[in-house]
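What follows is a single structure, written as structure tokens, with notes after it.
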Amino acid sequence: MLLRSETPPPPGNLHVAEPPASDRPTTAMLKADIDSGATGDKVAAYDPSLSQLGTDDEAAGNPPSPERIALARKTQAASARVRNAARPRGLDAWIVLGFGGFIGGIGVVLSTAIWLGR
């Protein structure tokens, strides 16, 4: 199939809003920061993970404190320039199609020239 959808299948197509600032942040808010694209690590899309952030720490008896989570949210926040660079572009798909059409056009022109030159 030449044209395929760039939209991830469910539940990856769910929109995740950036969580608001909080005095007592949670690991779910940190995960929402990552999923919303606020950290610039990945494209904004819901990531269905097997275990949530902080689960291992809690199981070990050492849950992350709100201060540590707040520090993580602060240090992982990306600048507007980084967020813009991580955002997918809608016109990039047409570059490939345009290039394919250009190469096909060259082939047609060369084939016609060879056919007429006989």
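Each chain in the structure tokens gets a letter, A, B and so on, in the order shown; residues start at 1 in every chain, and ligands are counted from 1 in the order they appear.
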
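Within 12 Å of segment 54-65 of chain A there are Asp23, Arg24, Pro25, Thr26, Thr27, Ala28, Met29, Leu30, Lys31, Ser49, Ala70, Leu71 and Ala72 of chain A, counting only C-alpha atoms and ignoring same-chain residues fewer than 5 positions away.
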
Fill in: Residues flagged alpha helix (DSSP H) by DSSP in chain A, as a VMD selection string
chain A and resid 27 to 35 55 to 59 66 to 76 80 to 86 92 to 116

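Residue nearest Pro19 of chain A, chosen from A:Ala113, A:Arg73, A:Gln52, A:Gly107 and counting only C-alpha atoms: A:Arg73.
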
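Taking atom CA of Asp35 of chain A as the reference point, atom CA of Lys74 of chain A is found at 15.5 Å.
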
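Closest to Ile69 of chain A among A:Trp115, A:Ala45, A:Leu53, A:Glu18 is A:Leu53, based on only C-alpha atoms.
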